[in-house]
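What follows is a single structure, written as structure tokens, with notes after it.
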Amino acid sequence: MSYFDAASAAPLHPVARQALLAALDEGWADPARLYREGRRARLLLDAAREAAAEAVGCRADELVFTPSGTVAVHSGVAGALAGRRRVGSHLIVSAVEHSSVLHSAETFAANGGTVTRVPVDRAGAVDAAEYAAALRPDTALACLQSANHEVGTEQPVAEVAEAARTAGVPLLVDAAQSLGWGPVRGPWSLLTASAHKWGGPPGVGLLAVRKGTRFAPQGPADERESGRVPGFGNLPAVVAAAASLRAVRAEAAAEAVRLRELTERIRARVPALVPDVEVVGDPERRLPGIVTFSCLYVDGETLLHELDRAGFSVSSGSSCTSSTLTPSHVLRAMGVLSEGNVRVSLPPGATAEDVERFLAVLPGAVAGVREKLGVPEGGAVRATGGGE
């Protein structure tokens with residue numbers, strides 16, 4: 001079986017497994033206690049925070065661990081908006097943000113806030129100047145992902161962050177997909193990420209809030225994690241998350257070159273092998289391992305089942321949309337074909353042989369689904385490599 005859905009959850013990195021097992025023996029105690037076991041746990045927690053902060057590019061006392069990336073986003077958005085409620089009640093997001101950001105925006109709007117959704121181009125990127133133009137005197141917070149979770153397109157975060165800083169508006173960056181590949185550039189104010197995206201264990205997110213950013217944690221007060229995250233954290237998982245982030249960063253440069261070559265192979269050959277297919281996302285400014293294409297006259301869920309039977313685990317859109325059987329909001333915002341969508345996201349270690357087998361299986365799988373749907377042979381209009 002070839003696992004091609006690393007953008008949903010990357011396989012557990014060997015370093016994460018080793019660190020998790022070691023921390024289960026050494027880091028089970030309450031790190032707030034002063035006895036020996038508590039001090040030992042505290043040392044592990046402090047070391048994990050230092051390692052994660054170094055990877056993020058912030059101070060250790062600016063970073064807290066959360067139970068998930070979604071909790072990090074929800075806490076970050078709510079806390080930043082509350083901290084700046086005297087400034088105004090205007091929130092800016094891009095049209096292709098992860099559902100956790102969009103759900104936060106919906107909640108804010110339902111409570112009387114105003115939300116501006118900045119559109120994207122056909123490649124899935126916002127225009128930095130257009131985003132900057134959306135900033136207003138009453139803007140409390142701006143949100144922009146570092147790279148898109150469905151099509152891999154990288155966003156102009158550095159340019160938008162500069163514009164936001166000039167306007168005096170904090171920028172929250174959802175870096176879930178990109179943090180394993182490198183730090184996010186630019187003067188961002190808040191950053192969120194999720195460990196299972198880079199090969200850490202599930203159930204660990206992180207939230208960084210840079211000094212000087214007004215932030216008011218929501219919910220009942222708690223003494224842990226700077227008062228921003230309540231409850232007793234999963235210390236062994238936190239230790240494994242930080243260790244694996246450091247490990248994948250050390251491997252990132254070489255692995256990025258290798259995975260880019262494999263995804264370029266898919267991007268180039270799928271339109272030649274399958275009629276009526278659109279390859280989407282920016283062809284240059286993109287994450288190394290993600291390639292997405294949409295097939296006309298194909299039901300995406302049926303195609304995924306066919307590929308699963310052939311030994312390939314791929315996804316259709318994001319988990320939040322595929323589970324509800326609704327068209328991808330990302331592809332709709334891009335103005336590209338949103339049906340029959342396949343996202344291939346290669347994990348570290350994916351081989352050229354796996355990719356070649358996928359390319360050999362795909363045409364038959366698509367043809368089989370089209371036949372089941374009653375699409376006549378030759379009914380396809382033309383093959384494209386479009387979308388860019």
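By convention in this document, the chains of the structure tokens carry letters A, B, ... by their order, each chain's residues are numbered from 1, and ligands are numbered from 1 in the order they are shown.
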| Counting only C-alpha atoms, what is within 10 Å of A:Ala242, bar same-chain residues fewer than 5 positions away, as a ChimeraX atom specification? | /A:15-16,19,45,47-55,195,200-201,204,237,247
Mind dumping the selected residues with C-alpha atoms as a JSON list (two decimals), in the first residue's frame?
[["chain", "number", "residue", "atom", "x", "y", "z"],
["A", 15, "VAL", "CA", 12.61, 10.21, 15.95],
["A", 16, "ALA", "CA", 9.09, 10.98, 17.19],
["A", 19, "ALA", "CA", 11.23, 10.40, 21.84],
["A", 45, "LEU", "CA", 8.99, 20.41, 28.69],
["A", 47, "ALA", "CA", 13.71, 21.57, 26.21],
["A", 48, "ALA", "CA", 10.76, 20.80, 23.92],
["A", 49, "ARG", "CA", 9.62, 24.42, 24.04],
["A", 50, "GLU", "CA", 13.11, 25.70, 23.25],
["A", 51, "ALA", "CA", 13.41, 23.34, 20.27],
["A", 52, "ALA", "CA", 9.97, 24.23, 18.90],
["A", 53, "ALA", "CA", 10.55, 27.96, 19.37],
["A", 54, "GLU", "CA", 13.84, 27.74, 17.51],
["A", 55, "ALA", "CA", 12.10, 26.04, 14.59],
["A", 195, "ALA", "CA", 2.51, 18.20, 14.89],
["A", 200, "GLY", "CA", 4.89, 14.18, 15.08],
["A", 201, "PRO", "CA", 2.17, 12.46, 17.10],
["A", 204, "VAL", "CA", -0.20, 18.37, 19.71],
["A", 237, "ALA", "CA", 3.58, 13.75, 22.88],
["A", 247, "ALA", "CA", 14.56, 16.06, 12.75]]
| Using the chain letters and numbers from this document, which residues of stretch 83-263 of chain A does DSSP assign to alpha helix (DSSP H), as a PyMOL selection string? | chain A and resi 83+99-110+128-133+157-167+235-263
Store the residues picked out above in a file with C-alpha atoms, as an mmCIF file, in the first residue's frame.
data_model
loop_
_atom_site.group_PDB
_atom_site.id
_atom_site.type_symbol
_atom_site.label_atom_id
_atom_site.label_comp_id
_atom_site.auth_asym_id
_atom_site.auth_seq_id
_atom_site.Cartn_x
_atom_site.Cartn_y
_atom_site.Cartn_z
ATOM 1 C CA GLY A 83 -7.225 41.623 22.977
ATOM 2 C CA SER A 99 -11.809 25.322 7.998
ATOM 3 C CA SER A 100 -10.554 26.032 11.534
ATOM 4 C CA VAL A 101 -9.893 29.651 10.553
ATOM 5 C CA LEU A 102 -13.136 29.991 8.602
ATOM 6 C CA HIS A 103 -15.161 28.506 11.465
ATOM 7 C CA SER A 104 -13.553 31.020 13.820
ATOM 8 C CA ALA A 105 -14.515 33.781 11.393
ATOM 9 C CA GLU A 106 -18.107 32.509 11.247
ATOM 10 C CA THR A 107 -18.349 32.541 15.031
ATOM 11 C CA PHE A 108 -16.956 36.071 15.137
ATOM 12 C CA ALA A 109 -19.478 37.230 12.520
ATOM 13 C CA ALA A 110 -22.342 35.549 14.377
ATOM 14 C CA ALA A 128 -0.566 40.987 -1.510
ATOM 15 C CA ALA A 129 -1.658 44.468 -2.611
ATOM 16 C CA GLU A 130 -5.324 43.444 -2.619
ATOM 17 C CA TYR A 131 -4.946 41.946 0.832
ATOM 18 C CA ALA A 132 -3.275 45.115 2.103
ATOM 19 C CA ALA A 133 -6.125 47.187 0.657
ATOM 20 C CA VAL A 157 3.007 35.989 3.807
ATOM 21 C CA ALA A 158 6.091 38.198 4.134
ATOM 22 C CA GLU A 159 4.578 40.963 1.984
ATOM 23 C CA VAL A 160 1.206 40.788 3.733
ATOM 24 C CA ALA A 161 2.877 40.761 7.160
ATOM 25 C CA GLU A 162 4.806 43.925 6.296
ATOM 26 C CA ALA A 163 1.615 45.645 5.178
ATOM 27 C CA ALA A 164 -0.185 44.531 8.331
ATOM 28 C CA ARG A 165 2.647 45.765 10.559
ATOM 29 C CA THR A 166 2.602 49.152 8.813
ATOM 30 C CA ALA A 167 -1.127 49.341 9.469
ATOM 31 C CA LEU A 235 4.071 15.912 27.822
ATOM 32 C CA PRO A 236 5.381 12.744 26.086
ATOM 33 C CA ALA A 237 3.577 13.752 22.884
ATOM 34 C CA VAL A 238 4.891 17.317 23.177
ATOM 35 C CA VAL A 239 8.451 16.034 23.544
ATOM 36 C CA ALA A 240 7.989 13.781 20.491
ATOM 37 C CA ALA A 241 6.509 16.648 18.474
ATOM 38 C CA ALA A 242 9.451 18.945 19.178
ATOM 39 C CA ALA A 243 12.031 16.223 18.523
ATOM 40 C CA SER A 244 10.448 15.266 15.206
ATOM 41 C CA LEU A 245 10.182 18.905 14.099
ATOM 42 C CA ARG A 246 13.901 19.329 14.613
ATOM 43 C CA ALA A 247 14.556 16.059 12.752
ATOM 44 C CA VAL A 248 12.415 16.843 9.716
ATOM 45 C CA ARG A 249 13.937 20.305 9.462
ATOM 46 C CA ALA A 250 17.396 18.734 9.269
ATOM 47 C CA GLU A 251 16.201 16.581 6.370
ATOM 48 C CA ALA A 252 13.995 19.197 4.693
ATOM 49 C CA ALA A 253 16.356 20.675 2.091
ATOM 50 C CA ALA A 254 17.357 17.363 0.530
ATOM 51 C CA GLU A 255 13.873 15.861 0.800
ATOM 52 C CA ALA A 256 12.285 18.938 -0.793
ATOM 53 C CA VAL A 257 14.435 18.559 -3.906
ATOM 54 C CA ARG A 258 13.512 14.896 -4.229
ATOM 55 C CA LEU A 259 9.785 15.344 -3.673
ATOM 56 C CA ARG A 260 9.592 18.316 -6.049
ATOM 57 C CA GLU A 261 10.960 16.136 -8.828
ATOM 58 C CA LEU A 262 8.340 13.463 -8.116
ATOM 59 C CA THR A 263 5.425 15.895 -7.957
#
| task | Go through stretch 22-209 of chain A and collect every residue that DSSP, computed from the backbone, puts in strand (DSSP E or B); the answer should be as a ChimeraX atom specification. | result | /A:63-66,90-94,114-118,139-143,147,153-154,171-174,190-194,205-209
| Which neighbours of A:Asp354 fall inside 10 Å, counting only C-alpha atoms, when residues of the same chain fewer than 3 positions from it are skipped, and could you give them as a list of chain:residue names? |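 So the residues in contact are A:Met1, A:Ser2, A:Tyr3, A:Phe4, A:Leu262, A:Phe312, A:Leu346, A:Ala350, A:Thr351, A:Arg357, A:Phe358, A:Leu359, A:Ala360.
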| said: Which residues are near A:Thr66? Cut-off 6 Å, only C-alpha atoms, ignore same chain within fewer than 3 positions. Put them as an MDAnalysis selection string. | reply: chainID A and resid 72 204:206
Selected residues, N, CA and C atoms, written as a compact mmCIF listing (two decimals), in the first residue's frame, please.
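again26.txt written:
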# COMPACT_ATOMS: atom_id res chain seq x y z
N ALA A 72 -5.25 25.47 18.55
CA ALA A 72 -4.32 26.58 18.45
C ALA A 72 -4.92 27.72 17.63
N VAL A 204 -1.11 17.30 19.27
CA VAL A 204 -0.20 18.37 19.71
C VAL A 204 -0.24 19.48 18.68
N GLY A 205 -0.61 20.67 19.12
CA GLY A 205 -0.50 21.86 18.29
C GLY A 205 0.39 22.86 18.99
N LEU A 206 0.70 23.93 18.30
CA LEU A 206 1.45 25.00 18.95
C LEU A 206 0.89 26.34 18.54
| Gap from atom CA of A:Ser294 to atom CA of A:Arg343 - Å, one decimal |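 Rounded to one decimal, the two atoms are 8.7 Å apart.
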| Surrounding residues of A:Leu135 excluding itself and chain neighbours under 6 positions, 10 Å, only C-alpha atoms, as an NGL selection string | :A and (90-92 or 116 or 141-142 or 163-164 or 167-169)
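Shortest atom-to-atom contact with A:Ala29 among A:Arg117, A:Arg332, A:Arg84, A:Arg42: A:Arg42, counting only C-alpha atoms.
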| atom CA of A:Arg269 to atom CA of A:Val151: how many Å, to one decimal? |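 Pair atom CA of A:Arg269 / atom CA of A:Val151 returns 17.2 Å.
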| said: With only C-alpha atoms as the counted atoms, please give the residues lying no more than 7 Å from A:Asn341, apart from itself and same-chain residues fewer than 2 positions off, as a VMD selection string. | reply: chain A and resid 293 to 295 300 316 to 317 338 to 339 343
| field | Within 7 Å of A:Pro363 using only C-alpha atoms, minus same-chain residues under 4 positions, as a ChimeraX atom specification | value | /A:273-274,367
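Each of A:Thr292, A:Ser75, A:Asn148, A:Thr192 was compared to A:Ala268 using only C-alpha atoms, and A:Thr292 turns out to be the nearest.
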| message | Measuring between only C-alpha atoms, which one of A:Glu306, A:Glu356, A:Asp299, A:Glu26 shows the shortest distance to A:Ile266? | response | A:Glu356
